[in-house]
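K.L.:
What follows is data_25.cif; its format and atoms are mmCIF, C-alpha atoms.
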```cif
data_work
#
loop_
_atom_site.group_PDB
_atom_site.id
_atom_site.type_symbol
_atom_site.label_atom_id
_atom_site.label_comp_id
_atom_site.auth_asym_id
_atom_site.auth_seq_id
_atom_site.Cartn_x
_atom_site.Cartn_y
_atom_site.Cartn_z
ATOM 1 C CA MET A 378 -45.061 -58.738 55.104
ATOM 2 C CA ALA A 379 -43.574 -59.927 51.800
ATOM 3 C CA GLU A 380 -43.444 -63.687 51.410
ATOM 4 C CA ALA A 381 -39.873 -64.891 50.848
ATOM 5 C CA TRP A 382 -38.925 -67.149 47.979
ATOM 6 C CA THR A 383 -37.148 -69.317 50.523
ATOM 7 C CA SER A 384 -40.530 -70.414 51.844
ATOM 8 C CA PRO A 385 -41.352 -73.890 50.482
ATOM 9 C CA ARG A 386 -44.853 -72.854 49.463
ATOM 10 C CA ALA A 387 -43.602 -69.720 47.666
ATOM 11 C CA ALA A 388 -41.086 -71.403 45.385
ATOM 12 C CA PRO A 389 -42.102 -72.421 41.879
ATOM 13 C CA ALA A 390 -42.568 -76.115 41.398
ATOM 14 C CA ALA A 391 -39.565 -77.959 40.054
ATOM 15 C CA THR A 392 -40.259 -79.604 36.713
ATOM 16 C CA PRO A 393 -38.481 -82.776 35.555
ATOM 17 C CA ALA A 394 -35.923 -82.159 32.835
ATOM 18 C CA GLY A 395 -37.390 -82.354 29.354
ATOM 19 C CA THR A 396 -40.982 -82.040 30.542
ATOM 20 C CA GLU A 397 -43.027 -79.772 28.294
ATOM 21 C CA PRO A 398 -46.081 -78.118 29.886
ATOM 22 C CA ALA A 399 -49.370 -78.897 28.173
ATOM 23 C CA VAL A 400 -50.949 -76.080 26.173
ATOM 24 C CA ARG A 401 -54.710 -75.527 25.976
ATOM 25 C CA LYS A 402 -56.787 -74.010 23.204
ATOM 26 C CA ILE A 403 -58.599 -70.857 24.296
ATOM 27 C CA ARG A 404 -61.304 -68.615 22.843
ATOM 28 C CA LEU A 405 -61.511 -64.890 22.232
ATOM 29 C CA ALA A 406 -63.753 -64.689 25.300
ATOM 30 C CA ASP A 407 -60.831 -65.972 27.392
ATOM 31 C CA VAL A 408 -58.704 -63.051 26.206
ATOM 32 C CA GLY A 409 -61.336 -60.597 27.377
ATOM 33 C CA ASP A 410 -61.658 -62.466 30.654
ATOM 34 C CA ALA A 411 -57.894 -62.328 31.221
ATOM 35 C CA LEU A 412 -57.991 -58.553 30.755
ATOM 36 C CA ARG A 413 -60.968 -58.295 33.122
ATOM 37 C CA LEU A 414 -59.141 -60.315 35.783
ATOM 38 C CA GLY A 415 -56.076 -58.147 35.263
ATOM 39 C CA TRP A 416 -58.164 -55.063 35.916
ATOM 40 C CA GLN A 417 -59.496 -56.643 39.107
ATOM 41 C CA ASP A 418 -55.946 -57.378 40.283
ATOM 42 C CA PHE A 419 -54.993 -53.797 39.559
ATOM 43 C CA LEU A 420 -57.894 -52.455 41.609
ATOM 44 C CA ALA A 421 -57.156 -54.849 44.472
ATOM 45 C CA ALA A 422 -53.426 -54.088 44.678
ATOM 46 C CA PRO A 423 -52.692 -50.713 43.029
ATOM 47 C CA THR A 424 -49.600 -49.890 45.095
ATOM 48 C CA GLN A 425 -47.361 -51.551 42.515
ATOM 49 C CA LEU A 426 -47.599 -48.271 40.621
ATOM 50 C CA VAL A 427 -44.648 -47.099 42.708
ATOM 51 C CA PHE A 428 -42.533 -49.974 41.405
ATOM 52 C CA LEU A 429 -43.560 -50.181 37.755
ATOM 53 C CA GLY A 430 -46.274 -47.814 36.639
ATOM 54 C CA ILE A 431 -44.257 -44.676 37.407
ATOM 55 C CA LEU A 432 -40.795 -46.080 36.668
ATOM 56 C CA TYR A 433 -41.698 -47.277 33.159
ATOM 57 C CA PRO A 434 -43.104 -43.908 31.968
ATOM 58 C CA LEU A 435 -40.084 -42.091 33.395
ATOM 59 C CA ILE A 436 -37.721 -44.346 31.473
ATOM 60 C CA GLY A 437 -39.648 -43.648 28.296
ATOM 61 C CA PHE A 438 -39.748 -39.923 28.973
ATOM 62 C CA PHE A 439 -36.023 -39.571 29.663
ATOM 63 C CA ALA A 440 -35.091 -41.804 26.740
ATOM 64 C CA GLY A 441 -37.127 -39.529 24.498
ATOM 65 C CA THR A 442 -35.619 -36.379 26.004
ATOM 66 C CA ALA A 443 -32.097 -37.672 25.441
ATOM 67 C CA VAL A 444 -32.613 -37.982 21.691
ATOM 68 C CA ALA A 445 -35.007 -35.085 21.085
ATOM 69 C CA GLY A 446 -32.626 -33.026 19.037
ATOM 70 C CA GLY A 447 -29.865 -33.085 16.463
ATOM 71 C CA ASP A 448 -29.117 -36.050 14.233
ATOM 72 C CA THR A 449 -30.730 -38.479 16.648
ATOM 73 C CA LEU A 450 -34.157 -36.852 16.544
ATOM 74 C CA ALA A 451 -35.384 -39.568 14.175
ATOM 75 C CA LEU A 452 -34.643 -42.253 16.779
ATOM 76 C CA PHE A 453 -37.073 -40.799 19.322
ATOM 77 C CA TYR A 454 -40.041 -42.836 18.119
ATOM 78 C CA PRO A 455 -38.102 -46.117 17.599
ATOM 79 C CA LEU A 456 -36.583 -45.891 21.070
ATOM 80 C CA VAL A 457 -39.843 -45.150 22.837
ATOM 81 C CA ALA A 458 -41.789 -47.704 20.788
ATOM 82 C CA GLY A 459 -38.998 -50.214 21.300
ATOM 83 C CA LEU A 460 -39.343 -49.975 25.067
ATOM 84 C CA SER A 461 -42.476 -52.067 24.661
ATOM 85 C CA LEU A 462 -40.209 -54.902 23.512
ATOM 86 C CA MET A 463 -38.783 -54.902 27.046
ATOM 87 C CA GLY A 464 -42.265 -54.767 28.575
ATOM 88 C CA PRO A 465 -42.290 -58.454 29.626
ATOM 89 C CA VAL A 466 -39.179 -57.810 31.728
ATOM 90 C CA ALA A 467 -40.625 -54.634 33.240
ATOM 91 C CA ALA A 468 -43.810 -56.553 34.111
ATOM 92 C CA LEU A 469 -42.079 -59.329 36.072
ATOM 93 C CA GLY A 470 -42.995 -57.750 39.388
ATOM 94 C CA ILE A 471 -46.617 -57.478 38.301
ATOM 95 C CA TYR A 472 -46.709 -61.169 37.368
ATOM 96 C CA GLU A 473 -45.370 -61.980 40.813
ATOM 97 C CA ILE A 474 -48.044 -59.925 42.559
ATOM 98 C CA SER A 475 -50.757 -61.742 40.575
ATOM 99 C CA ARG A 476 -49.126 -65.076 41.382
ATOM 100 C CA ARG A 477 -49.250 -64.317 45.102
ATOM 101 C CA ARG A 478 -52.796 -62.951 45.015
ATOM 102 C CA GLU A 479 -53.878 -66.111 43.223
ATOM 103 C CA ARG A 480 -52.683 -68.096 46.227
ATOM 104 C CA GLY A 481 -54.613 -65.878 48.618
ATOM 105 C CA TRP A 482 -51.553 -64.250 50.170
ATOM 106 C CA ALA A 483 -51.539 -60.646 51.345
ATOM 107 C CA VAL A 484 -49.462 -58.560 48.942
ATOM 108 C CA SER A 485 -47.814 -55.161 48.768
ATOM 109 C CA TRP A 486 -45.710 -53.411 46.155
ATOM 110 C CA LEU A 487 -42.603 -54.785 47.888
ATOM 111 C CA ASP A 488 -43.573 -58.269 46.731
ATOM 112 C CA ALA A 489 -42.654 -57.236 43.200
ATOM 113 C CA PHE A 490 -39.001 -57.378 44.226
ATOM 114 C CA SER A 491 -39.380 -61.017 45.303
ATOM 115 C CA VAL A 492 -38.672 -61.893 41.684
ATOM 116 C CA LEU A 493 -35.004 -61.273 42.483
ATOM 117 C CA ARG A 494 -35.098 -64.232 44.903
ATOM 118 C CA SER A 495 -36.798 -66.611 42.485
ATOM 119 C CA PRO A 496 -35.047 -69.975 41.980
ATOM 120 C CA ALA A 497 -35.531 -69.336 38.256
ATOM 121 C CA ILE A 498 -33.741 -65.969 38.323
ATOM 122 C CA LEU A 499 -30.891 -67.147 36.076
ATOM 123 C CA SER A 500 -33.370 -68.425 33.483
ATOM 124 C CA ILE A 501 -35.293 -65.155 33.745
ATOM 125 C CA ALA A 502 -32.072 -63.165 33.300
ATOM 126 C CA ALA A 503 -31.097 -65.230 30.254
ATOM 127 C CA LEU A 504 -34.452 -64.579 28.611
ATOM 128 C CA ALA A 505 -34.232 -60.892 29.522
ATOM 129 C CA MET A 506 -30.859 -60.729 27.741
ATOM 130 C CA VAL A 507 -32.485 -62.164 24.615
ATOM 131 C CA LEU A 508 -35.030 -59.336 24.704
ATOM 132 C CA LEU A 509 -32.239 -56.804 25.199
ATOM 133 C CA VAL A 510 -30.506 -58.125 22.078
ATOM 134 C CA ILE A 511 -33.796 -57.918 20.156
ATOM 135 C CA PHE A 512 -34.257 -54.322 21.358
ATOM 136 C CA GLY A 513 -30.750 -53.449 20.162
ATOM 137 C CA ALA A 514 -31.421 -55.086 16.797
ATOM 138 C CA TRP A 515 -34.634 -53.072 16.447
ATOM 139 C CA VAL A 516 -32.799 -49.791 17.046
ATOM 140 C CA LEU A 517 -30.159 -50.721 14.450
ATOM 141 C CA VAL A 518 -32.839 -51.669 11.917
ATOM 142 C CA ALA A 519 -34.768 -48.458 12.584
ATOM 143 C CA GLU A 520 -31.610 -46.390 12.123
ATOM 144 C CA THR A 521 -30.793 -48.190 8.875
ATOM 145 C CA ILE A 522 -34.305 -47.605 7.514
ATOM 146 C CA TYR A 523 -34.028 -43.910 8.369
ATOM 147 C CA ASP A 524 -30.595 -43.600 6.734
ATOM 148 C CA ARG A 525 -31.889 -45.242 3.535
ATOM 149 C CA THR A 526 -35.067 -43.133 3.337
ATOM 150 C CA LEU A 527 -35.476 -39.741 4.991
ATOM 151 C CA GLY A 528 -31.805 -39.566 5.908
ATOM 152 C CA THR A 529 -30.954 -39.137 2.226
ATOM 153 C CA VAL A 530 -33.008 -35.936 2.094
ATOM 154 C CA ALA A 531 -32.059 -33.814 5.113
ATOM 155 C CA GLN A 532 -31.251 -33.837 8.803
ATOM 156 C CA PRO A 533 -34.243 -32.145 10.507
ATOM 157 C CA ALA A 534 -33.350 -29.542 13.110
ATOM 158 C CA SER A 535 -36.685 -29.645 14.955
ATOM 159 C CA VAL A 536 -39.661 -31.872 15.606
ATOM 160 C CA GLY A 537 -41.824 -29.715 13.343
ATOM 161 C CA GLU A 538 -39.360 -30.014 10.466
ATOM 162 C CA PHE A 539 -39.127 -33.786 10.955
ATOM 163 C CA LEU A 540 -42.908 -34.175 10.866
ATOM 164 C CA ARG A 541 -43.117 -31.981 7.759
ATOM 165 C CA LEU A 542 -40.591 -34.159 5.954
ATOM 166 C CA LEU A 543 -42.520 -37.270 6.965
ATOM 167 C CA ARG A 544 -45.758 -35.869 5.524
ATOM 168 C CA GLU A 545 -44.493 -34.113 2.432
ATOM 169 C CA THR A 546 -41.732 -36.277 0.954
ATOM 170 C CA PRO A 547 -41.803 -39.724 -0.679
ATOM 171 C CA GLU A 548 -38.865 -40.681 1.510
ATOM 172 C CA GLY A 549 -40.893 -39.783 4.587
ATOM 173 C CA TRP A 550 -43.760 -42.026 3.548
ATOM 174 C CA ARG A 551 -41.324 -44.869 2.840
ATOM 175 C CA LEU A 552 -39.881 -44.377 6.323
ATOM 176 C CA ILE A 553 -43.367 -44.675 7.824
ATOM 177 C CA LEU A 554 -44.169 -47.776 5.771
ATOM 178 C CA PHE A 555 -40.922 -49.690 6.256
ATOM 179 C CA GLY A 556 -40.400 -48.538 9.841
ATOM 180 C CA ASN A 557 -43.825 -49.609 11.021
ATOM 181 C CA GLY A 558 -43.579 -52.841 9.045
ATOM 182 C CA ALA A 559 -40.282 -53.733 10.707
ATOM 183 C CA GLY A 560 -41.631 -52.715 14.113
ATOM 184 C CA PHE A 561 -44.619 -54.988 13.602
ATOM 185 C CA LEU A 562 -42.353 -57.961 12.884
ATOM 186 C CA PHE A 563 -40.260 -57.292 15.981
ATOM 187 C CA ALA A 564 -43.400 -56.957 18.122
ATOM 188 C CA VAL A 565 -44.848 -60.226 16.820
ATOM 189 C CA THR A 566 -41.555 -61.987 17.514
ATOM 190 C CA VAL A 567 -41.433 -60.754 21.108
ATOM 191 C CA LEU A 568 -45.084 -61.649 21.659
ATOM 192 C CA ALA A 569 -44.520 -65.194 20.427
ATOM 193 C CA LEU A 570 -41.381 -65.648 22.544
ATOM 194 C CA THR A 571 -42.670 -64.176 25.782
ATOM 195 C CA VAL A 572 -46.468 -64.231 26.016
ATOM 196 C CA VAL A 573 -46.295 -67.101 28.514
ATOM 197 C CA SER A 574 -42.548 -67.724 28.981
ATOM 198 C CA PHE A 575 -41.841 -65.228 31.780
ATOM 199 C CA PRO A 576 -44.970 -66.118 33.802
ATOM 200 C CA LEU A 577 -44.124 -69.804 33.305
ATOM 201 C CA LEU A 578 -40.616 -69.312 34.695
ATOM 202 C CA LEU A 579 -42.017 -67.582 37.762
ATOM 203 C CA ASP A 580 -44.520 -70.383 38.248
ATOM 204 C CA ARG A 581 -42.301 -73.361 37.412
ATOM 205 C CA ASP A 582 -38.543 -73.712 37.163
ATOM 206 C CA VAL A 583 -38.537 -75.203 33.642
ATOM 207 C CA GLY A 584 -35.572 -73.363 32.141
ATOM 208 C CA PRO A 585 -35.555 -70.736 29.376
ATOM 209 C CA GLY A 586 -35.610 -73.235 26.499
ATOM 210 C CA VAL A 587 -38.770 -74.997 27.680
ATOM 211 C CA ALA A 588 -40.370 -71.654 28.548
ATOM 212 C CA VAL A 589 -39.789 -70.227 25.063
ATOM 213 C CA ARG A 590 -40.928 -73.412 23.322
ATOM 214 C CA THR A 591 -44.080 -73.433 25.430
ATOM 215 C CA SER A 592 -44.770 -69.824 24.483
ATOM 216 C CA LEU A 593 -44.329 -70.611 20.793
ATOM 217 C CA ARG A 594 -46.628 -73.637 21.087
ATOM 218 C CA ALA A 595 -49.215 -71.527 22.884
ATOM 219 C CA VAL A 596 -49.227 -69.003 20.033
ATOM 220 C CA ALA A 597 -49.342 -71.744 17.378
ATOM 221 C CA ALA A 598 -52.293 -73.430 19.113
ATOM 222 C CA ASN A 599 -54.197 -70.159 19.563
ATOM 223 C CA PRO A 600 -53.322 -67.848 16.651
ATOM 224 C CA VAL A 601 -56.528 -65.802 16.670
ATOM 225 C CA PRO A 602 -56.775 -65.234 20.463
ATOM 226 C CA MET A 603 -53.051 -64.418 20.627
ATOM 227 C CA ALA A 604 -53.346 -62.003 17.719
ATOM 228 C CA ALA A 605 -56.254 -60.353 19.512
ATOM 229 C CA TRP A 606 -54.162 -60.095 22.689
ATOM 230 C CA GLY A 607 -51.311 -58.527 20.727
ATOM 231 C CA LEU A 608 -53.664 -55.933 19.226
ATOM 232 C CA ILE A 609 -55.087 -55.141 22.665
ATOM 233 C CA VAL A 610 -51.579 -54.693 24.072
ATOM 234 C CA ALA A 611 -50.536 -52.425 21.187
ATOM 235 C CA ALA A 612 -53.699 -50.304 21.368
ATOM 236 C CA LEU A 613 -53.512 -49.860 25.142
ATOM 237 C CA LEU A 614 -49.807 -48.979 25.027
ATOM 238 C CA VAL A 615 -50.517 -46.278 22.448
ATOM 239 C CA LEU A 616 -53.372 -44.883 24.546
ATOM 240 C CA GLY A 617 -51.267 -45.127 27.701
ATOM 241 C CA SER A 618 -48.476 -43.128 26.092
ATOM 242 C CA LEU A 619 -50.732 -40.076 25.849
ATOM 243 C CA PRO A 620 -49.937 -37.661 27.270
ATOM 244 C CA LEU A 621 -46.230 -38.021 28.103
ATOM 245 C CA PHE A 622 -46.552 -41.734 28.956
ATOM 246 C CA ILE A 623 -48.521 -41.006 32.135
ATOM 247 C CA GLY A 624 -51.317 -43.380 31.134
ATOM 248 C CA LEU A 625 -48.852 -46.268 31.298
ATOM 249 C CA ALA A 626 -49.139 -46.008 35.085
ATOM 250 C CA VAL A 627 -52.463 -47.820 34.638
ATOM 251 C CA VAL A 628 -51.943 -49.658 31.355
ATOM 252 C CA MET A 629 -48.724 -51.480 32.266
ATOM 253 C CA PRO A 630 -49.952 -53.012 35.545
ATOM 254 C CA VAL A 631 -53.288 -54.034 33.986
ATOM 255 C CA LEU A 632 -51.545 -55.679 31.016
ATOM 256 C CA GLY A 633 -49.064 -57.372 33.351
ATOM 257 C CA HIS A 634 -51.819 -58.848 35.495
ATOM 258 C CA GLY A 635 -53.793 -59.757 32.394
ATOM 259 C CA THR A 636 -50.785 -61.579 30.933
ATOM 260 C CA TRP A 637 -50.546 -63.682 34.080
ATOM 261 C CA HIS A 638 -54.194 -64.702 33.795
ATOM 262 C CA LEU A 639 -53.788 -65.396 30.065
ATOM 263 C CA TYR A 640 -50.880 -67.694 30.953
ATOM 264 C CA ARG A 641 -53.106 -69.530 33.441
ATOM 265 C CA LYS A 642 -55.752 -70.062 30.771
ATOM 266 C CA VAL A 643 -53.319 -71.300 28.118
ATOM 267 C CA VAL A 644 -50.836 -73.450 30.067
ATOM 268 C CA ALA A 645 -52.242 -76.414 31.961
ATOM 269 C CA ASN A 646 -51.262 -76.822 35.616
#
```
Could you rewrite the structure in this file as structure tokens?
P.N.:
Amino acid sequence: MAEAWTSPRAAPAATPAGTEPAVRKIRLADVGDALRLGWQDFLAAPTQLVFLGILYPLIGFFAGTAVAGGDTLALFYPLVAGLSLMGPVAALGIYEISRRRERGWAVSWLDAFSVLRSPAILSIAALAMVLLVIFGAWVLVAETIYDRTLGTVAQPASVGEFLRLLRETPEGWRLILFGNGAGFLFAVTVLALTVVSFPLLLDRDVGPGVAVRTSLRAVAANPVPMAAWGLIVAALLVLGSLPLFIGLAVVMPVLGHGTWHLYRKVVAN
């Protein structure tokens, strides 16, 4: 049976105002170990696929379908790629399952919804709104880049025509260069803001400001391991998107569990 947040032992520890969690230095080996532990969590409790692993690919699929034609064809890739910016929010239920397994409690996919009863839910919602704003900004930037590059040439009527213009025109190559460059900056920003902030809020009721500052300090203290984690996340998301996002049914839960274990290695208890 799902453990309620109202249980004293299930609630995150209250943290005195102004207290900043200590951040540890980690090694590249710790990044690999976090991913290994995430895989173990996935194997031990795979039923969360119903909650996240299937829902996330469907969102990506329908978002892509909605813009697969007409003038908005060029936004297909930015929208689908931009969904990864909301990944930390989508993974909240996975963090919670790892948190409960860590304590030795029996878990089921229903425990993912316990996040909604977290004492830190308002802080979590505030941070989620920040990510939503960042996602919106990314779409606007992507649209602007398209309008200033390939959009000055033609409006492709099909996927094949769009890909041809990307390959065979200078404007298409500029779109690839500037679009991926901007996407990289957005991804790095989200990684720095959230790599430990959401797990920290689930674990301790520190408030969104402390959570974000702790995440930034964690990245600053461990630039190489965090860069490696970001590359692993990006590579696995690309692999998981093929074909038709179905692979994300495995990738997203594993990365979610792995993020929880990375948080445990970086932030001192």
K.L.:
May I have the residues at most 10 Å from (-34.3, -67.0, 30.9) in the file's coordinates, counting all atoms listed in the file, as a PDB file with C-alpha atoms, in the frame of the given file?
P.N.:
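Saved to point14.pdb:
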```
ATOM      1  CA  ALA A 497     -35.531 -69.336  38.256  1.00  0.00           C
ATOM      2  CA  ILE A 498     -33.741 -65.969  38.323  1.00  0.00           C
ATOM      3  CA  LEU A 499     -30.891 -67.147  36.076  1.00  0.00           C
ATOM      4  CA  SER A 500     -33.370 -68.425  33.483  1.00  0.00           C
ATOM      5  CA  ILE A 501     -35.293 -65.155  33.745  1.00  0.00           C
ATOM      6  CA  ALA A 502     -32.072 -63.165  33.300  1.00  0.00           C
ATOM      7  CA  ALA A 503     -31.097 -65.230  30.254  1.00  0.00           C
ATOM      8  CA  LEU A 504     -34.452 -64.579  28.611  1.00  0.00           C
ATOM      9  CA  ALA A 505     -34.232 -60.892  29.522  1.00  0.00           C
ATOM     10  CA  MET A 506     -30.859 -60.729  27.741  1.00  0.00           C
ATOM     11  CA  VAL A 507     -32.485 -62.164  24.615  1.00  0.00           C
ATOM     12  CA  LEU A 508     -35.030 -59.336  24.704  1.00  0.00           C
ATOM     13  CA  SER A 574     -42.548 -67.724  28.981  1.00  0.00           C
ATOM     14  CA  PHE A 575     -41.841 -65.228  31.780  1.00  0.00           C
ATOM     15  CA  LEU A 578     -40.616 -69.312  34.695  1.00  0.00           C
ATOM     16  CA  VAL A 583     -38.537 -75.203  33.642  1.00  0.00           C
ATOM     17  CA  GLY A 584     -35.572 -73.363  32.141  1.00  0.00           C
ATOM     18  CA  PRO A 585     -35.555 -70.736  29.376  1.00  0.00           C
ATOM     19  CA  GLY A 586     -35.610 -73.235  26.499  1.00  0.00           C
ATOM     20  CA  VAL A 587     -38.770 -74.997  27.680  1.00  0.00           C
ATOM     21  CA  ALA A 588     -40.370 -71.654  28.548  1.00  0.00           C
ATOM     22  CA  VAL A 589     -39.789 -70.227  25.063  1.00  0.00           C
TER      23      VAL A 589
END
```
K.L.:
List the residues selected by the PyMOL selection byres ((chain A and resi 597) around 12) in the file shown, writing them as a ChimeraX atom specification.
P.N.:
/A:400-403,568-570,572,590-596,598-604,643
K.L.:
Taking the file as shown, what set of residues would the PyMOL selection byres ((chain A and resi 613) around 10) give back, as an MDAnalysis selection string?
P.N.:
chainID A and resid 607:612 614:618 624:625 627:629 631:632
K.L.:
Here is a test: counting only C-alpha atoms, which residue of A:Val573, A:Leu412, A:Leu619, A:Leu527 is nearest to A:Leu469?
P.N.:
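The shortest atom-to-atom distance to A:Leu469 comes from A:Val573.
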K.L.:
What does the distance from atom CA of A:Leu462 to atom CA of A:Ala564 come to in Å, to one decimal?
P.N.:
6.6 Å
K.L.:
Residues picked by the PyMOL selection byres ((chain A and resi 420-422) around 10) here, as a ChimeraX atom specification?
P.N.:
/A:414-419,423-426,471,474-475,478,483-486,627,630-631
K.L.:
What does the distance between atom CA of A:Thr521 and atom CA of A:Gly464 come to in Å, to one decimal place?
P.N.:
23.7 Å
K.L.:
If you measure from atom CA of A:Arg477 to atom CA of A:Thr571, what distance in Å do you get, rounded to one decimal?
P.N.:
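Interatomic distance here is 20.4 Å.
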K.L.:
With only C-alpha atoms as the atoms that count, which of A:Val565, A:Val492, A:Val536, A:Leu487 lies nearest to A:Phe453?
P.N.:
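Closest to A:Phe453 of all the choices is A:Val536.
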K.L.:
Between A:Ala605, A:Lys642, A:Gly459, A:Ala451, single out the one closest to A:Gln532, counting only C-alpha atoms.
P.N.:
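Of A:Ala605, A:Lys642, A:Gly459, A:Ala451, the one nearest A:Gln532, counting only C-alpha atoms, is A:Ala451.
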K.L.:
Pick from A:Arg544, A:Arg494, A:Arg641, A:Arg551: nearest to A:Leu577, with all atoms listed in the file counted?
P.N.:
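So, comparing all the options, the nearest one is A:Arg641.
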